[in-house]
Amino acid sequence: MTKLSVAESLTLLWRWLKRIILLNVFLLAGMGIIRLITYWTYGHAIPMSSEILHAFWLGGRFDLMSLSYAAAIPVLVLMIVTPFRSEEGFERTGSFLRGYYQVMSILVFAILVLDVGYYSYFQDHLNLMM
């Protein structure tokens with residue numbers, strides 16, 4: 001078990017935080033694209049207006065909030081691992097984060113795709129009251 005210097009430990013922490021931020025930006029863009037696809041598929045009769053743009057803005061804020069909740073666990077794990085300055089700890093954390101984000105990405109996009117199908121049949125979005 002190799003003990004890292006403080007600078008190396010903080011460098012690894014910063015590298016992982018940048019990856020998390022970049023991944024969340026891509027996930028947010030993907031969620032926005034699914035929103036646009038849903039609008040083009042089911043909202044073609046509604047002209048683009050300031051209300052629609054406001055709805056997209058609000059939807060983006062909700063998507064960002066859900067991504068923030070999903071990113072909380074990896075950030076907390078990184079904050080716990082960093083003070084130990086263990087190279088092995090960062091390697092294990094990295095493999096955990098890769099798996100975690102794969103599962104979360106698949107889960108989020110599966111829910112979004114299912115919502116599009118659900119909306120096409122019931123003309124209502126998925127919610128907790130199903």
# chains A, B, ... in the order shown; residues from 1 in each chain; ligands from 1
$ closest_atom_pairs --of "range 2-31 of chain A" --to "range 85-95 of chain A" --cutoff "7 Å" --atoms "only C-alpha atoms" --output "CSV"
residue,atom,partner,partner_atom,distance
A:Thr2,CA,A:Glu87,CA,5.7
A:Lys3,CA,A:Ser86,CA,5.0
A:Leu4,CA,A:Arg85,CA,5.0
A:Ser5,CA,A:Arg85,CA,6.9
A:Val6,CA,A:Arg85,CA,7.0
A:Ser9,CA,A:Arg85,CA,5.5
$ residues_around --residues "Gly32 in chain A" --least-positions-apart "5" --cutoff "9 Å" --atoms "only C-alpha atoms" --output "list in words"
Leu27, Ile37, Phe56, Gly59, Gly60 and Asp63 of chain A
$ closest_atom_pairs --of "range 55-82 of chain A" --to "range 101-116 of chain A" --cutoff "10 Å" --atoms "only C-alpha atoms" --output "CSV"
residue,atom,partner,partner_atom,distance
A:Asp63,CA,A:Val108,CA,9.9
A:Ser66,CA,A:Val108,CA,9.3
A:Leu67,CA,A:Val108,CA,9.2
A:Ala70,CA,A:Met104,CA,7.4
A:Ala71,CA,A:Tyr101,CA,8.7
A:Pro74,CA,A:Tyr101,CA,8.9
$ select_by_dssp --residues "range 24-130 of chain A" --states "helix (DSSP H, G or I)" --output "ChimeraX atom specification"
/A:24-42,50-84,87-122
$ atom_distance --atom1 "CA of Tyr119 in chain A" --atom2 "CA of Tyr42 in chain A"
8.8 Å
$ atom_distance --atom1 "CA of Leu12 in chain A" --atom2 "CA of Leu64 in chain A"
24.8 Å
$ residues_around --residues "Ile20 in chain A" --least-positions-apart "2" --cutoff "12 Å" --atoms "only C-alpha atoms" --output "list in words"
Leu13, Trp14, Arg15, Trp16, Leu17, Lys18, Leu22, Leu23, Asn24, Val25, Phe26, Leu27, Leu67, Ser68, Ala70, Ala71, Ala72, Ile73, Pro74, Val75, Leu78, Gly94, Leu97, Arg98, Tyr100 and Tyr101 of chain A
$ decode --residues "range 77-99 of chain A" --atoms "N, CA, C and O atoms" --output "PDB file, in the first residue's frame"
ATOM      1  N   VAL A  77     -17.679   9.619  -1.384  1.00  0.00           N
ATOM      2  CA  VAL A  77     -16.693   8.541  -1.333  1.00  0.00           C
ATOM      3  C   VAL A  77     -15.293   9.097  -1.590  1.00  0.00           C
ATOM      4  O   VAL A  77     -14.337   8.744  -0.893  1.00  0.00           O
ATOM      5  N   LEU A  78     -15.170   9.990  -2.565  1.00  0.00           N
ATOM      6  CA  LEU A  78     -13.863  10.602  -2.839  1.00  0.00           C
ATOM      7  C   LEU A  78     -13.369  11.435  -1.653  1.00  0.00           C
ATOM      8  O   LEU A  78     -12.180  11.429  -1.326  1.00  0.00           O
ATOM      9  N   MET A  79     -14.277  12.152  -1.015  1.00  0.00           N
ATOM     10  CA  MET A  79     -13.884  12.960   0.135  1.00  0.00           C
ATOM     11  C   MET A  79     -13.460  12.092   1.326  1.00  0.00           C
ATOM     12  O   MET A  79     -12.636  12.501   2.135  1.00  0.00           O
ATOM     13  N   ILE A  80     -14.012  10.897   1.414  1.00  0.00           N
ATOM     14  CA  ILE A  80     -13.616   9.983   2.478  1.00  0.00           C
ATOM     15  C   ILE A  80     -12.263   9.342   2.169  1.00  0.00           C
ATOM     16  O   ILE A  80     -11.422   9.176   3.057  1.00  0.00           O
ATOM     17  N   VAL A  81     -12.015   8.992   0.909  1.00  0.00           N
ATOM     18  CA  VAL A  81     -10.783   8.305   0.518  1.00  0.00           C
ATOM     19  C   VAL A  81      -9.582   9.245   0.504  1.00  0.00           C
ATOM     20  O   VAL A  81      -8.469   8.833   0.842  1.00  0.00           O
ATOM     21  N   THR A  82      -9.778  10.496   0.151  1.00  0.00           N
ATOM     22  CA  THR A  82      -8.663  11.429  -0.030  1.00  0.00           C
ATOM     23  C   THR A  82      -7.777  11.597   1.215  1.00  0.00           C
ATOM     24  O   THR A  82      -6.552  11.559   1.085  1.00  0.00           O
ATOM     25  N   PRO A  83      -8.304  11.767   2.414  1.00  0.00           N
ATOM     26  CA  PRO A  83      -7.407  11.959   3.571  1.00  0.00           C
ATOM     27  C   PRO A  83      -6.507  10.759   3.870  1.00  0.00           C
ATOM     28  O   PRO A  83      -5.448  10.914   4.481  1.00  0.00           O
ATOM     29  N   PHE A  84      -6.912   9.556   3.434  1.00  0.00           N
ATOM     30  CA  PHE A  84      -6.084   8.381   3.690  1.00  0.00           C
ATOM     31  C   PHE A  84      -4.856   8.332   2.784  1.00  0.00           C
ATOM     32  O   PHE A  84      -3.905   7.619   3.076  1.00  0.00           O
ATOM     33  N   ARG A  85      -4.903   9.041   1.660  1.00  0.00           N
ATOM     34  CA  ARG A  85      -3.786   9.172   0.719  1.00  0.00           C
ATOM     35  C   ARG A  85      -3.248   7.823   0.271  1.00  0.00           C
ATOM     36  O   ARG A  85      -2.048   7.631   0.112  1.00  0.00           O
ATOM     37  N   SER A  86      -4.125   6.884   0.046  1.00  0.00           N
ATOM     38  CA  SER A  86      -3.739   5.542  -0.371  1.00  0.00           C
ATOM     39  C   SER A  86      -3.933   5.389  -1.873  1.00  0.00           C
ATOM     40  O   SER A  86      -5.021   5.646  -2.404  1.00  0.00           O
ATOM     41  N   GLU A  87      -2.875   4.940  -2.543  1.00  0.00           N
ATOM     42  CA  GLU A  87      -2.983   4.722  -3.989  1.00  0.00           C
ATOM     43  C   GLU A  87      -3.978   3.602  -4.285  1.00  0.00           C
ATOM     44  O   GLU A  87      -4.773   3.692  -5.209  1.00  0.00           O
ATOM     45  N   GLU A  88      -3.947   2.555  -3.476  1.00  0.00           N
ATOM     46  CA  GLU A  88      -4.881   1.440  -3.648  1.00  0.00           C
ATOM     47  C   GLU A  88      -6.323   1.892  -3.406  1.00  0.00           C
ATOM     48  O   GLU A  88      -7.248   1.459  -4.089  1.00  0.00           O
ATOM     49  N   GLY A  89      -6.514   2.791  -2.446  1.00  0.00           N
ATOM     50  CA  GLY A  89      -7.854   3.312  -2.183  1.00  0.00           C
ATOM     51  C   GLY A  89      -8.408   4.076  -3.367  1.00  0.00           C
ATOM     52  O   GLY A  89      -9.592   3.941  -3.706  1.00  0.00           O
ATOM     53  N   PHE A  90      -7.562   4.873  -4.023  1.00  0.00           N
ATOM     54  CA  PHE A  90      -8.016   5.597  -5.207  1.00  0.00           C
ATOM     55  C   PHE A  90      -8.313   4.653  -6.370  1.00  0.00           C
ATOM     56  O   PHE A  90      -9.246   4.870  -7.129  1.00  0.00           O
ATOM     57  N   GLU A  91      -7.515   3.572  -6.496  1.00  0.00           N
ATOM     58  CA  GLU A  91      -7.768   2.597  -7.562  1.00  0.00           C
ATOM     59  C   GLU A  91      -9.104   1.892  -7.339  1.00  0.00           C
ATOM     60  O   GLU A  91      -9.891   1.725  -8.268  1.00  0.00           O
ATOM     61  N   ARG A  92      -9.354   1.482  -6.108  1.00  0.00           N
ATOM     62  CA  ARG A  92     -10.638   0.820  -5.800  1.00  0.00           C
ATOM     63  C   ARG A  92     -11.810   1.786  -5.957  1.00  0.00           C
ATOM     64  O   ARG A  92     -12.873   1.412  -6.446  1.00  0.00           O
ATOM     65  N   THR A  93     -11.602   3.013  -5.538  1.00  0.00           N
ATOM     66  CA  THR A  93     -12.649   4.019  -5.695  1.00  0.00           C
ATOM     67  C   THR A  93     -12.933   4.261  -7.168  1.00  0.00           C
ATOM     68  O   THR A  93     -14.089   4.411  -7.569  1.00  0.00           O
ATOM     69  N   GLY A  94     -11.884   4.286  -7.980  1.00  0.00           N
ATOM     70  CA  GLY A  94     -12.062   4.475  -9.422  1.00  0.00           C
ATOM     71  C   GLY A  94     -12.884   3.369 -10.043  1.00  0.00           C
ATOM     72  O   GLY A  94     -13.779   3.626 -10.863  1.00  0.00           O
ATOM     73  N   SER A  95     -12.610   2.121  -9.674  1.00  0.00           N
ATOM     74  CA  SER A  95     -13.402   1.024 -10.234  1.00  0.00           C
ATOM     75  C   SER A  95     -14.840   1.090  -9.733  1.00  0.00           C
ATOM     76  O   SER A  95     -15.784   0.799 -10.479  1.00  0.00           O
ATOM     77  N   PHE A  96     -15.032   1.491  -8.467  1.00  0.00           N
ATOM     78  CA  PHE A  96     -16.392   1.661  -7.944  1.00  0.00           C
ATOM     79  C   PHE A  96     -17.127   2.756  -8.716  1.00  0.00           C
ATOM     80  O   PHE A  96     -18.295   2.598  -9.091  1.00  0.00           O
ATOM     81  N   LEU A  97     -16.449   3.889  -8.957  1.00  0.00           N
ATOM     82  CA  LEU A  97     -17.096   5.010  -9.645  1.00  0.00           C
ATOM     83  C   LEU A  97     -17.467   4.657 -11.075  1.00  0.00           C
ATOM     84  O   LEU A  97     -18.528   5.055 -11.562  1.00  0.00           O
ATOM     85  N   ARG A  98     -16.615   3.900 -11.756  1.00  0.00           N
ATOM     86  CA  ARG A  98     -16.938   3.488 -13.119  1.00  0.00           C
ATOM     87  C   ARG A  98     -18.208   2.639 -13.136  1.00  0.00           C
ATOM     88  O   ARG A  98     -19.108   2.858 -13.937  1.00  0.00           O
ATOM     89  N   GLY A  99     -18.258   1.655 -12.249  1.00  0.00           N
ATOM     90  CA  GLY A  99     -19.442   0.799 -12.185  1.00  0.00           C
ATOM     91  C   GLY A  99     -20.685   1.554 -11.758  1.00  0.00           C
ATOM     92  O   GLY A  99     -21.770   1.355 -12.308  1.00  0.00           O
TER      93      GLY A  99
END
